[in-house]
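Inspection log for the structure reproduced underneath, given as structure tokens.
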Amino acid sequence: MNKSNIFDKVMNFIDENIREDYNKIKEGIYADIHYTDMQISKFISILSNGEYTLYDYYIRRRAYFASKALVDNPEKSIAEIAQDFNYSDQTALNRILKKQYNHTPKEIRKNKIRFDDNKLTFSSFDTSAVKFGKRLQNAINGMIKENAFSDDDYFFDFVRATDEFGFDTSTCFAISEVSERIGVPFAYLLNICFEAMVDYKSSDDYIDPKIEMAIECEISVDEMDKICEDLGCKYYNLFPDFVCAYKEGRIKRNH
């Protein structure tokens with residue numbers, strides 16, 4: 001293992017302590033590398049394009065090791081395996097394995113089913129292929145690798161904008177690009193944009209853009225959501241002629 005790689009340290013720590021409950025896992029991570037579980041979750045979520053959070057990953061790894069133990073330790077009852085991995089009871093283990101692998105503990109044991117390990121490492125991700133800006137990419141690389149330059153203020157400003165302000169990542173990238181072009185600190189411009197958004201939404205003339213688009217396209221919001229889901233687009237990509245073409249079947253659905 002590359003000892004300077006914080007991400008891999010966290011992944012190894014989870015595996016080494018997988019029989020512990022999540023609270024002990026996150027406390028141990030903070031004691032070792034001084035990042036909170038929320039911060040690590042952001043690393044994982046951004047790198048995996050939202051597929052994982054730290055808690056999701058812990059749940060999946062615990063299920064993997066429990067399934068492996070069912071095959072490797074036939075002398076132990078399923079209830080004992082559940083207890084070993086800190087599940088509340090055998091039913092909880094059954095529910096998790098059925099959800100993750102579509103097999104019950106009895107089926108896994110009887111048929112000696114083994115699943116792919118799927119452990120994450122930092123090298124699992126091609127950061128150049130992930131759709132985020134170069135500055136955020138550099139910040140993440142710097143924070144993951146302890147000996148690299150870290151623009152961590154930028155990273156945490158970015159996280160705050162998504163968590164507290166409710167901005168999506170595309171909005172944050174747009175604000176970041178403008179901040180660099182006009183030479184204004186990213187955090188300052190984020191605050192200005194948030195305050196402007198609050199003022200605008202508080203005005204008597206404000207109409208939710210989503211509702212405004214639905215009215216313009218002469219459809220309900222529910223219909224608009226369905227169209228966006230079918231076509232894999234955002235509501236702001238729609239316009240009346242586009243919706244008309246969709247209804248007439250001249251635009252193909254994604255499925």
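By order in the structure tokens, chains are A, B, ...; within a chain, residues start at 1; ligands start at 1, following the order shown.
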| request: Could you tell me, as a PyMOL selection string, which residues of region 35-199 of chain A DSSP assigns to helix (DSSP H, G or I) when given the backbone? | output: chain A and resi 37-47+54-72+78-84+90-101+105-110+122-124+134-144+152-163+169-182+186-199
| A:Ile227, A:Ile40, A:Leu97, A:Ile175: which is nearest Ile192 (chain A), counting only C-alpha atoms? |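 Nearest candidate to Ile192 (chain A) out of A:Ile227, A:Ile40, A:Leu97, A:Ile175: A:Ile175.
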| said: Quick one: residues within 9 Å of Ile29 (chain A), only C-alpha atoms, excluding same-chain residues fewer than 5 positions away - as a PyMOL selection string? | reply: chain A and resi 9-10+13-14+24+34-37
| field | Selection near region 243-253 of chain A, 9 Å with only C-alpha atoms, sequence-local residues under 5 positions removed, as a PyMOL selection string | value | chain A and resi 217+219+224+227+230-232+238
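Ranking A:Phe158, A:Tyr87, A:Tyr235, A:Phe65 by their shortest atom-to-atom distance to Glu216 (chain A), with only C-alpha atoms included, puts A:Tyr235 first.
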| request: Tell me which of A:Ile211, A:Gly28, A:Arg114, A:Pro240 sits closest to Leu70 (chain A), counting only C-alpha atoms. | output: A:Arg114
